[in-house]
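Enquirer: Contents of protein-v6.cif (mmCIF, C-alpha atoms):
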data_query
loop_
_atom_site.group_PDB
_atom_site.id
_atom_site.type_symbol
_atom_site.label_atom_id
_atom_site.label_comp_id
_atom_site.auth_asym_id
_atom_site.auth_seq_id
_atom_site.Cartn_x
_atom_site.Cartn_y
_atom_site.Cartn_z
ATOM 1 C CA MET A 1 -19.892 -3.179 -17.790
ATOM 2 C CA PRO A 2 -16.576 -2.663 -19.513
ATOM 3 C CA SER A 3 -17.986 -1.096 -22.719
ATOM 4 C CA ASP A 4 -19.875 1.689 -20.953
ATOM 5 C CA ALA A 5 -17.601 2.001 -17.936
ATOM 6 C CA HIS A 6 -16.863 5.593 -18.901
ATOM 7 C CA SER A 7 -20.533 6.650 -19.098
ATOM 8 C CA THR A 8 -21.152 4.846 -15.795
ATOM 9 C CA ARG A 9 -18.367 6.892 -14.221
ATOM 10 C CA LEU A 10 -19.827 10.120 -15.563
ATOM 11 C CA LEU A 11 -23.333 9.184 -14.404
ATOM 12 C CA ASP A 12 -21.972 8.248 -10.978
ATOM 13 C CA ARG A 13 -20.179 11.549 -10.682
ATOM 14 C CA TRP A 14 -23.357 13.400 -11.656
ATOM 15 C CA LEU A 15 -25.468 11.463 -9.164
ATOM 16 C CA GLY A 16 -22.823 11.664 -6.441
ATOM 17 C CA ILE A 17 -22.281 7.900 -6.312
ATOM 18 C CA GLU A 18 -18.884 7.291 -4.778
ATOM 19 C CA PRO A 19 -16.701 4.279 -5.616
ATOM 20 C CA LEU A 20 -16.509 1.650 -2.896
ATOM 21 C CA TYR A 21 -13.193 -0.103 -3.225
ATOM 22 C CA ALA A 22 -12.942 -3.855 -2.921
ATOM 23 C CA HIS A 23 -9.282 -3.695 -3.700
ATOM 24 C CA CYS A 24 -7.103 -6.656 -4.463
ATOM 25 C CA ASP A 25 -4.021 -4.489 -4.410
ATOM 26 C CA VAL A 26 -2.588 -2.053 -1.932
ATOM 27 C CA PRO A 27 -4.487 1.175 -2.587
ATOM 28 C CA CYS A 28 -2.240 3.573 -4.419
ATOM 29 C CA GLY A 29 -1.583 5.917 -1.507
ATOM 30 C CA ILE A 30 0.546 3.255 0.120
ATOM 31 C CA TYR A 31 3.091 3.150 -2.700
ATOM 32 C CA ASP A 32 5.749 5.680 -1.972
ATOM 33 C CA PRO A 33 9.253 6.138 -3.406
ATOM 34 C CA HIS A 34 10.248 8.006 -0.251
ATOM 35 C CA THR A 35 11.492 4.864 1.532
ATOM 36 C CA ALA A 36 13.818 4.050 -1.376
ATOM 37 C CA ALA A 37 15.091 7.645 -1.411
ATOM 38 C CA ILE A 38 15.916 7.584 2.305
ATOM 39 C CA ALA A 39 17.614 4.187 1.962
ATOM 40 C CA ALA A 40 19.736 5.455 -0.957
ATOM 41 C CA LYS A 41 20.683 8.531 1.052
ATOM 42 C CA THR A 42 21.678 6.322 3.989
ATOM 43 C CA VAL A 43 23.934 4.242 1.690
ATOM 44 C CA HIS A 44 25.610 7.417 0.460
ATOM 45 C CA THR A 45 26.053 8.770 3.992
ATOM 46 C CA MET A 46 27.634 5.483 5.101
ATOM 47 C CA ASN A 47 30.075 5.606 2.178
ATOM 48 C CA GLN A 48 31.113 9.094 3.252
ATOM 49 C CA LYS A 49 31.429 8.051 6.902
ATOM 50 C CA VAL A 50 33.477 4.948 6.087
ATOM 51 C CA SER A 51 35.844 7.038 3.923
ATOM 52 C CA ALA A 52 36.215 9.652 6.673
ATOM 53 C CA LEU A 53 36.698 7.197 9.530
ATOM 54 C CA PRO A 54 40.224 7.755 10.906
ATOM 55 C CA MET A 55 42.360 4.619 11.043
ATOM 56 C CA PRO A 56 44.091 3.947 14.352
ATOM 57 C CA GLY A 57 47.694 5.183 14.329
ATOM 58 C CA PRO A 58 50.829 3.059 14.889
ATOM 59 C CA SER A 59 50.720 3.702 18.629
ATOM 60 C CA ALA A 60 47.022 2.838 19.006
ATOM 61 C CA SER A 61 46.050 0.434 21.763
ATOM 62 C CA PRO A 62 44.377 -2.924 21.043
ATOM 63 C CA GLN A 63 41.154 -1.391 22.429
ATOM 64 C CA GLU A 64 41.364 1.454 19.898
ATOM 65 C CA HIS A 65 41.879 -1.063 17.077
ATOM 66 C CA LEU A 66 38.859 -2.982 18.321
ATOM 67 C CA GLU A 67 36.710 0.156 18.472
ATOM 68 C CA TYR A 68 37.785 1.099 14.949
ATOM 69 C CA ARG A 69 36.854 -2.306 13.570
ATOM 70 C CA ASN A 70 33.550 -2.268 15.440
ATOM 71 C CA THR A 71 32.599 1.149 14.045
ATOM 72 C CA LEU A 72 33.650 0.140 10.541
ATOM 73 C CA VAL A 73 31.584 -3.054 10.668
ATOM 74 C CA ARG A 74 28.537 -1.168 11.934
ATOM 75 C CA MET A 75 28.771 1.360 9.115
ATOM 76 C CA VAL A 76 29.231 -1.310 6.469
ATOM 77 C CA GLN A 77 26.372 -3.319 7.921
ATOM 78 C CA THR A 78 24.076 -0.275 7.772
ATOM 79 C CA LYS A 79 25.137 0.355 4.175
ATOM 80 C CA GLU A 80 24.416 -3.274 3.323
ATOM 81 C CA GLN A 81 20.973 -3.229 4.959
ATOM 82 C CA HIS A 82 19.873 0.005 3.380
ATOM 83 C CA ALA A 83 21.081 -0.974 -0.092
ATOM 84 C CA GLN A 84 18.886 -4.061 0.304
ATOM 85 C CA ILE A 85 15.896 -1.981 1.520
ATOM 86 C CA CYS A 86 16.393 0.339 -1.436
ATOM 87 C CA LYS A 87 16.421 -2.604 -3.840
ATOM 88 C CA GLN A 88 13.268 -4.121 -2.321
ATOM 89 C CA GLU A 89 11.385 -0.832 -2.434
ATOM 90 C CA LEU A 90 12.409 -0.248 -6.043
ATOM 91 C CA LEU A 91 11.298 -3.749 -7.018
ATOM 92 C CA ILE A 92 7.885 -3.154 -5.406
ATOM 93 C CA LEU A 93 7.436 0.047 -7.412
ATOM 94 C CA TRP A 94 8.693 -1.597 -10.581
ATOM 95 C CA THR A 95 6.656 -4.801 -10.411
ATOM 96 C CA ASP A 96 3.542 -3.701 -8.470
ATOM 97 C CA TYR A 97 2.978 0.013 -8.879
ATOM 98 C CA PHE A 98 3.878 0.454 -12.530
ATOM 99 C CA LYS A 99 1.501 -1.378 -14.822
ATOM 100 C CA PRO A 100 1.128 -1.415 -18.621
ATOM 101 C CA GLU A 101 -1.626 1.225 -18.180
ATOM 102 C CA ASN A 102 0.538 3.813 -16.419
ATOM 103 C CA ALA A 103 4.001 2.910 -17.762
ATOM 104 C CA GLY A 104 3.232 4.232 -21.258
ATOM 105 C CA PRO A 105 4.778 7.698 -20.932
ATOM 106 C CA PHE A 106 8.113 6.255 -19.711
ATOM 107 C CA PRO A 107 9.886 4.380 -22.538
ATOM 108 C CA ASP A 108 13.026 3.910 -20.416
ATOM 109 C CA LEU A 109 11.143 2.708 -17.309
ATOM 110 C CA HIS A 110 12.460 -0.862 -17.337
ATOM 111 C CA ASP A 111 16.008 0.174 -18.098
ATOM 112 C CA THR A 112 15.930 2.798 -15.317
ATOM 113 C CA PHE A 113 14.658 0.327 -12.707
ATOM 114 C CA TRP A 114 17.015 -2.406 -13.847
ATOM 115 C CA LYS A 115 20.059 -0.133 -13.623
ATOM 116 C CA ALA A 116 18.950 1.277 -10.262
ATOM 117 C CA ALA A 117 18.554 -2.246 -8.839
ATOM 118 C CA LYS A 118 22.028 -3.119 -10.146
ATOM 119 C CA LEU A 119 23.394 0.013 -8.475
ATOM 120 C CA CYS A 120 21.970 -1.212 -5.151
ATOM 121 C CA SER A 121 23.980 -4.416 -5.555
ATOM 122 C CA TYR A 122 27.126 -2.537 -6.598
ATOM 123 C CA ASN A 123 26.828 -0.344 -3.525
ATOM 124 C CA LYS A 124 26.720 -3.406 -1.314
ATOM 125 C CA GLN A 125 29.930 -4.733 -2.827
ATOM 126 C CA HIS A 126 31.942 -1.517 -2.830
ATOM 127 C CA VAL A 127 32.607 1.675 -0.919
ATOM 128 C CA ASP A 128 32.250 4.232 -3.693
ATOM 129 C CA ALA A 129 30.609 7.576 -2.983
ATOM 130 C CA ALA A 130 30.324 8.344 -6.706
ATOM 131 C CA LYS A 131 28.211 5.212 -7.170
ATOM 132 C CA SER A 132 25.988 5.902 -4.166
ATOM 133 C CA GLN A 133 25.457 9.391 -5.548
ATOM 134 C CA GLU A 134 24.438 7.749 -8.802
ATOM 135 C CA LEU A 135 21.996 5.560 -6.900
ATOM 136 C CA MET A 136 20.432 8.634 -5.267
ATOM 137 C CA ALA A 137 20.038 10.228 -8.688
ATOM 138 C CA ALA A 138 18.451 7.052 -10.093
ATOM 139 C CA VAL A 139 15.955 6.918 -7.202
ATOM 140 C CA ALA A 140 15.189 10.630 -7.713
ATOM 141 C CA LYS A 141 14.450 9.927 -11.377
ATOM 142 C CA ILE A 142 12.130 7.061 -10.383
ATOM 143 C CA SER A 143 10.385 9.319 -7.824
ATOM 144 C CA GLU A 144 9.821 11.812 -10.607
ATOM 145 C CA MET A 145 8.240 9.091 -12.798
ATOM 146 C CA PHE A 146 6.075 8.048 -9.843
ATOM 147 C CA GLN A 147 4.871 11.629 -9.275
ATOM 148 C CA GLN A 148 4.069 11.995 -12.976
ATOM 149 C CA ALA A 149 2.123 8.707 -13.003
ATOM 150 C CA GLU A 150 0.214 9.821 -9.881
ATOM 151 C CA ALA A 151 -0.593 13.202 -11.448
ATOM 152 C CA ALA A 152 -1.816 11.508 -14.652
ATOM 153 C CA LYS A 153 -4.136 9.306 -12.580
ATOM 154 C CA LYS A 154 -5.840 12.326 -11.009
ATOM 155 C CA LYS A 155 -6.674 13.898 -14.401
ATOM 156 C CA MET B 1 -28.081 11.340 3.150
ATOM 157 C CA THR B 2 -29.460 10.369 6.499
ATOM 158 C CA PHE B 3 -30.323 6.734 5.902
ATOM 159 C CA GLY B 4 -27.452 5.817 3.696
ATOM 160 C CA ARG B 5 -25.987 6.184 0.240
ATOM 161 C CA LEU B 6 -25.466 4.450 -3.088
ATOM 162 C CA MET B 7 -21.950 3.331 -3.882
ATOM 163 C CA ARG B 8 -20.303 1.653 -6.874
ATOM 164 C CA ILE B 9 -18.030 -1.354 -6.330
ATOM 165 C CA ALA B 10 -14.486 -1.129 -7.735
ATOM 166 C CA GLY B 11 -11.965 -3.957 -7.392
ATOM 167 C CA GLN B 12 -12.136 -7.692 -6.915
ATOM 168 C CA SER B 13 -11.367 -8.497 -3.288
ATOM 169 C CA MET B 14 -15.024 -9.285 -2.505
ATOM 170 C CA LEU B 15 -15.624 -11.713 -5.362
ATOM 171 C CA PRO B 16 -17.884 -13.612 -5.779
ATOM 172 C CA THR B 17 -20.155 -11.668 -3.383
ATOM 173 C CA LEU B 18 -19.597 -8.285 -4.988
ATOM 174 C CA ARG B 19 -18.381 -7.738 -8.520
ATOM 175 C CA PRO B 20 -16.749 -4.631 -9.931
ATOM 176 C CA GLY B 21 -19.524 -2.335 -11.218
ATOM 177 C CA ASP B 22 -22.193 -3.519 -8.773
ATOM 178 C CA LEU B 23 -24.312 -0.718 -7.318
ATOM 179 C CA VAL B 24 -24.972 -1.180 -3.608
ATOM 180 C CA PHE B 25 -26.898 0.631 -0.927
ATOM 181 C CA VAL B 26 -24.806 1.392 2.162
ATOM 182 C CA ARG B 27 -27.056 2.006 5.142
ATOM 183 C CA ARG B 28 -25.828 4.189 7.954
ATOM 184 C CA VAL B 29 -26.092 2.073 11.099
ATOM 185 C CA PRO B 30 -24.601 2.601 14.543
ATOM 186 C CA ALA B 31 -21.394 0.613 14.898
ATOM 187 C CA ALA B 32 -22.925 -1.184 17.897
ATOM 188 C CA ALA B 33 -25.559 -2.691 15.582
ATOM 189 C CA LEU B 34 -22.953 -4.390 13.387
ATOM 190 C CA ARG B 35 -22.598 -8.160 13.576
ATOM 191 C CA PRO B 36 -19.743 -10.409 12.475
ATOM 192 C CA GLY B 37 -20.281 -11.417 8.853
ATOM 193 C CA ASP B 38 -21.802 -8.047 7.885
ATOM 194 C CA LEU B 39 -20.434 -6.347 4.805
ATOM 195 C CA VAL B 40 -19.089 -3.023 5.984
ATOM 196 C CA ALA B 41 -18.048 0.107 4.114
ATOM 197 C CA ALA B 42 -15.254 1.921 5.939
ATOM 198 C CA ARG B 43 -12.960 4.869 5.378
ATOM 199 C CA PRO B 44 -9.740 4.061 7.238
ATOM 200 C CA ALA B 45 -7.968 7.331 8.019
ATOM 201 C CA SER B 46 -4.644 5.879 6.875
ATOM 202 C CA LEU B 47 -5.912 5.397 3.306
ATOM 203 C CA GLY B 48 -6.561 9.056 2.643
ATOM 204 C CA GLY B 49 -10.346 9.142 2.345
ATOM 205 C CA ARG B 50 -10.967 6.123 0.161
ATOM 206 C CA ALA B 51 -13.967 3.997 1.116
ATOM 207 C CA LEU B 52 -13.407 0.247 1.177
ATOM 208 C CA VAL B 53 -15.860 -2.624 1.504
ATOM 209 C CA LYS B 54 -14.856 -5.603 3.645
ATOM 210 C CA ARG B 55 -16.366 -8.335 5.800
ATOM 211 C CA LEU B 56 -16.609 -7.630 9.550
ATOM 212 C CA VAL B 57 -14.879 -10.482 11.350
ATOM 213 C CA GLY B 58 -13.956 -9.016 14.742
ATOM 214 C CA LEU B 59 -15.951 -6.946 17.226
ATOM 215 C CA PRO B 60 -14.538 -4.732 20.003
ATOM 216 C CA ALA B 61 -12.758 -6.589 22.809
ATOM 217 C CA GLU B 62 -12.540 -9.765 20.723
ATOM 218 C CA HIS B 63 -9.387 -11.621 19.779
ATOM 219 C CA VAL B 64 -8.806 -12.116 16.073
ATOM 220 C CA ARG B 65 -6.423 -14.638 14.609
ATOM 221 C CA VAL B 66 -5.500 -14.729 10.930
ATOM 222 C CA ASN B 67 -2.841 -17.266 9.954
ATOM 223 C CA ASP B 68 -0.041 -16.651 12.469
ATOM 224 C CA GLN B 69 -1.028 -13.121 13.427
ATOM 225 C CA ARG B 70 -3.145 -12.157 16.420
ATOM 226 C CA TRP B 71 -4.972 -8.967 17.258
ATOM 227 C CA GLU B 72 -6.543 -8.051 20.578
ATOM 228 C CA LEU B 73 -9.223 -5.512 19.778
ATOM 229 C CA THR B 74 -9.863 -2.659 22.183
ATOM 230 C CA ALA B 75 -13.330 -1.366 23.141
ATOM 231 C CA ASP B 76 -13.677 0.692 19.960
ATOM 232 C CA GLN B 77 -11.967 -1.435 17.325
ATOM 233 C CA TYR B 78 -13.529 -3.437 14.493
ATOM 234 C CA PHE B 79 -11.580 -5.902 12.377
ATOM 235 C CA LEU B 80 -12.308 -6.134 8.631
ATOM 236 C CA LEU B 81 -11.219 -8.857 6.207
ATOM 237 C CA GLY B 82 -11.686 -9.327 2.446
ATOM 238 C CA ASP B 83 -13.598 -12.344 1.174
ATOM 239 C CA ARG B 84 -10.506 -13.296 -0.780
ATOM 240 C CA PRO B 85 -7.848 -12.747 1.889
ATOM 241 C CA GLY B 86 -5.046 -13.620 -0.495
ATOM 242 C CA ASP B 87 -6.021 -10.671 -2.684
ATOM 243 C CA SER B 88 -7.171 -8.048 -0.251
ATOM 244 C CA THR B 89 -6.007 -4.991 1.609
ATOM 245 C CA ASP B 90 -7.806 -5.058 4.949
ATOM 246 C CA SER B 91 -7.296 -4.758 8.715
ATOM 247 C CA ARG B 92 -4.256 -7.010 8.415
ATOM 248 C CA SER B 93 -2.479 -4.137 6.689
ATOM 249 C CA PHE B 94 -4.253 -0.934 7.774
ATOM 250 C CA GLY B 95 -5.239 -2.190 11.230
ATOM 251 C CA PRO B 96 -8.624 -2.360 12.957
ATOM 252 C CA VAL B 97 -11.039 0.528 12.285
ATOM 253 C CA ARG B 98 -12.799 2.821 14.755
ATOM 254 C CA PRO B 99 -16.583 3.458 14.716
ATOM 255 C CA ASP B 100 -16.092 6.922 13.198
ATOM 256 C CA GLU B 101 -14.242 5.332 10.251
ATOM 257 C CA ILE B 102 -17.206 3.094 9.427
ATOM 258 C CA VAL B 103 -19.477 4.478 6.685
ATOM 259 C CA GLY B 104 -22.204 1.881 7.090
ATOM 260 C CA ARG B 105 -23.426 -1.596 6.282
ATOM 261 C CA VAL B 106 -23.878 -2.807 2.712
ATOM 262 C CA ASP B 107 -27.566 -3.733 2.863
ATOM 263 C CA PHE B 108 -28.454 -4.657 -0.685
ATOM 264 C CA ARG B 109 -27.365 -4.624 -4.276
ATOM 265 C CA LEU B 110 -29.443 -2.482 -6.651
ATOM 266 C CA TRP B 111 -27.636 -3.251 -9.859
ATOM 267 C CA PRO B 112 -27.469 -5.476 -11.809
ATOM 268 C CA TRP B 113 -31.179 -6.275 -11.308
ATOM 269 C CA THR B 114 -30.622 -9.941 -12.085
ATOM 270 C CA ARG B 115 -28.392 -10.177 -9.053
ATOM 271 C CA PHE B 116 -30.574 -8.068 -6.749
ATOM 272 C CA ARG B 117 -30.268 -9.513 -3.301
ATOM 273 C CA PRO B 118 -30.794 -8.113 0.171
ATOM 274 C CA GLN B 119 -27.706 -8.281 2.371
ATOM 275 C CA PRO B 120 -25.317 -9.622 -0.261
#
Could I get this structure in the form of structure tokens?
Expert:
Amino acid sequence: MPSDAHSTRLLDRWLGIEPLYAHCDVPCGIYDPHTAAIAAKTVHTMNQKVSALPMPGPSASPQEHLEYRNTLVRMVQTKEQHAQICKQELLILWTDYFKPENAGPFPDLHDTFWKAAKLCSYNKQHVDAAKSQELMAAVAKISEMFQQAEAAKKK
Amino acid sequence: MTFGRLMRIAGQSMLPTLRPGDLVFVRRVPAAALRPGDLVAARPASLGGRALVKRLVGLPAEHVRVNDQRWELTADQYFLLGDRPGDSTDSRSFGPVRPDEIVGRVDFRLWPWTRFRPQP
């Protein structure tokens, strides 16, 4: 009943008929930009840790060199993984959560997501705290769009 | 309502059995009376109060296998699956449901009249 869907909704509300979801999509509550935000924060933290990691001095033992390399690799690996998680989570929001119906109020939506995804890749390739900070800001902007789209849905 | 309630179908995961806009009667039945194949309305706690309709495919203490995944249901777990598993959010994602999360059994469709059918 697409033409009188609105009157059906009103009638249902009046009669107390609740929707029974046969959903073909993950119900909206499951979309959450929080995972992307935590991943971006992890990338930034790893950049800071890598920059602050003291290099072994000239008199360091082979074991100390080994420990240094091990710690460095673990930090870089974590950065790599979380940049990838961040990218995946952003792509899910971009391609699944945002639809033509709820993307209307955000004219720069595609550009924002595209640049944020590119930032994830950049952060994998480099150790640059300014860029990971930029990624956090981009994810925060996307979270804001998500919250606005959620609020609009409840109206 | 003691016996049950009317609910309006939204979404497409139960096509062709239930179409968006169908009006169904959900009868409150004890979970023990449910049989595999029944259409069940449930409110999984993890979905924040939304009621979903799915097909009951696994009873307590049964083993359920979907594709490569396996579930061993405990004494109070029911496994729900959409009729179009490729397009459905069901127990594969939110897990089995408990009796207190089950709203009832979809007993018949009231609307549209032309498609009136007991136990859709």
Enquirer: Evaluating the PyMOL selection byres ((chain A and resi 105) around 10) on the displayed file yields which residues, as number ranges by chain?
Expert: A: 101-104, 106-109, 145, 148-149, 152
Enquirer: Which residues of chain B come within 7 Å of chain A, and for each one, what is the closest pair of atoms and their distance in Å to one decimal, counting all atoms listed in the file, sorted by chain and residue number, as a tab-separated table?
Expert:
residue	atom	partner	partner_atom	distance
B:Leu6	CA	A:Ile17	CA	5.7
B:Met7	CA	A:Glu18	CA	5.1
B:Arg8	CA	A:Pro19	CA	4.6
B:Ile9	CA	A:Leu20	CA	4.8
B:Ala10	CA	A:Tyr21	CA	4.8
B:Gly11	CA	A:His23	CA	4.6
B:Gln12	CA	A:Ala22	CA	5.6
B:Ser13	CA	A:Cys24	CA	4.8
B:Met14	CA	A:Ala22	CA	5.8
B:Gly21	CA	A:Met1	CA	6.6
B:Leu47	CA	A:Gly29	CA	6.5
B:Ala51	CA	A:Leu20	CA	5.3
B:Leu52	CA	A:Tyr21	CA	4.4
B:Val53	CA	A:Ala22	CA	5.4
B:Asp87	CA	A:Cys24	CA	4.5
B:Ser88	CA	A:Cys24	CA	4.4
B:Thr89	CA	A:Val26	CA	5.7
Enquirer: Quick one: apply the PyMOL selection byres ((chain B and resi 33-44) around 6) to the file and drop the selected residues here as a list in words.
Expert: Pro30, Ala31, Ala32, Ala45, Ser46, Leu47, Gly49, Arg50, Ala51, Leu52, Val53, Lys54, Arg55, Leu56, Val57, Glu101, Ile102, Val103, Gly104, Arg105 and Val106 of chain B
Enquirer: Report, in Å to a single decimal, how far apart CA of Lys153 in chain A and CA of Pro100 in chain A are.
Expert: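 Result for CA of Pro100 in chain A versus CA of Lys153 in chain A: 13.4 Å, one decimal.
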Enquirer: Suppose a student applies the PyMOL selection byres ((chain A and resi 118-135) around 7) to this structure; what residues should they get, written as a PDB file with C-alpha atoms, in the coordinates of the input?
Expert:
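out06.pdb, freshly written:
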ATOM      1  CA  ALA A  40      19.736   5.455  -0.957  1.00  0.00           C
ATOM      2  CA  VAL A  43      23.934   4.242   1.690  1.00  0.00           C
ATOM      3  CA  HIS A  44      25.610   7.417   0.460  1.00  0.00           C
ATOM      4  CA  ASN A  47      30.075   5.606   2.178  1.00  0.00           C
ATOM      5  CA  GLN A  48      31.113   9.094   3.252  1.00  0.00           C
ATOM      6  CA  LYS A  79      25.137   0.355   4.175  1.00  0.00           C
ATOM      7  CA  GLU A  80      24.416  -3.274   3.323  1.00  0.00           C
ATOM      8  CA  ALA A  83      21.081  -0.974  -0.092  1.00  0.00           C
ATOM      9  CA  GLN A  84      18.886  -4.061   0.304  1.00  0.00           C
ATOM     10  CA  CYS A  86      16.393   0.339  -1.436  1.00  0.00           C
ATOM     11  CA  LYS A  87      16.421  -2.604  -3.840  1.00  0.00           C
ATOM     12  CA  TRP A 114      17.015  -2.406 -13.847  1.00  0.00           C
ATOM     13  CA  LYS A 115      20.059  -0.133 -13.623  1.00  0.00           C
ATOM     14  CA  ALA A 116      18.950   1.277 -10.262  1.00  0.00           C
ATOM     15  CA  ALA A 117      18.554  -2.246  -8.839  1.00  0.00           C
ATOM     16  CA  MET A 136      20.432   8.634  -5.267  1.00  0.00           C
ATOM     17  CA  ALA A 137      20.038  10.228  -8.688  1.00  0.00           C
ATOM     18  CA  ALA A 138      18.451   7.052 -10.093  1.00  0.00           C
ATOM     19  CA  VAL A 139      15.955   6.918  -7.202  1.00  0.00           C
TER      20      VAL A 139
END
Enquirer: CA of Lys99 in chain A to CA of Phe146 in chain A: how many Å, to one decimal?
Expert: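 One can read the CA of Lys99 in chain A to CA of Phe146 in chain A distance as 11.6 Å.
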Enquirer: Find the residues around range 68-77 of chain B up to 9 Å (all atoms listed in the file counted), leave out those fewer than 6 positions away in its own chain, and share them as a list in words.
Expert: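 What passes the distance filter is Gly58, Leu59, Pro60, Ala61, Glu62, Arg92, Pro96, Val97, Arg98 and Pro99 of chain B.
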Enquirer: Pick the closest to Val29 in chain B from B:Thr17, B:Asp100, B:Ser93, B:His63: which is it, counting only C-alpha atoms?
Expert: B:Asp100
Enquirer: With distances taken over only C-alpha atoms, which of A:Ala60, A:Ile85, A:Val50, A:Ala37 is nearest to Val73 in chain A?
Expert: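 Counting only C-alpha atoms, the residue closest to Val73 in chain A is A:Val50.
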Enquirer: Would you give the centre and edge lengths, in Å to one decimal, of a box along x, y and z around the listed atoms of range 90-95 of chain A, with 8 Å added to each side, as JSON?
Expert:
{"center_x": 9.5, "center_y": -2.4, "center_z": -8.0, "size_x": 21.8, "size_y": 20.8, "size_z": 21.2}
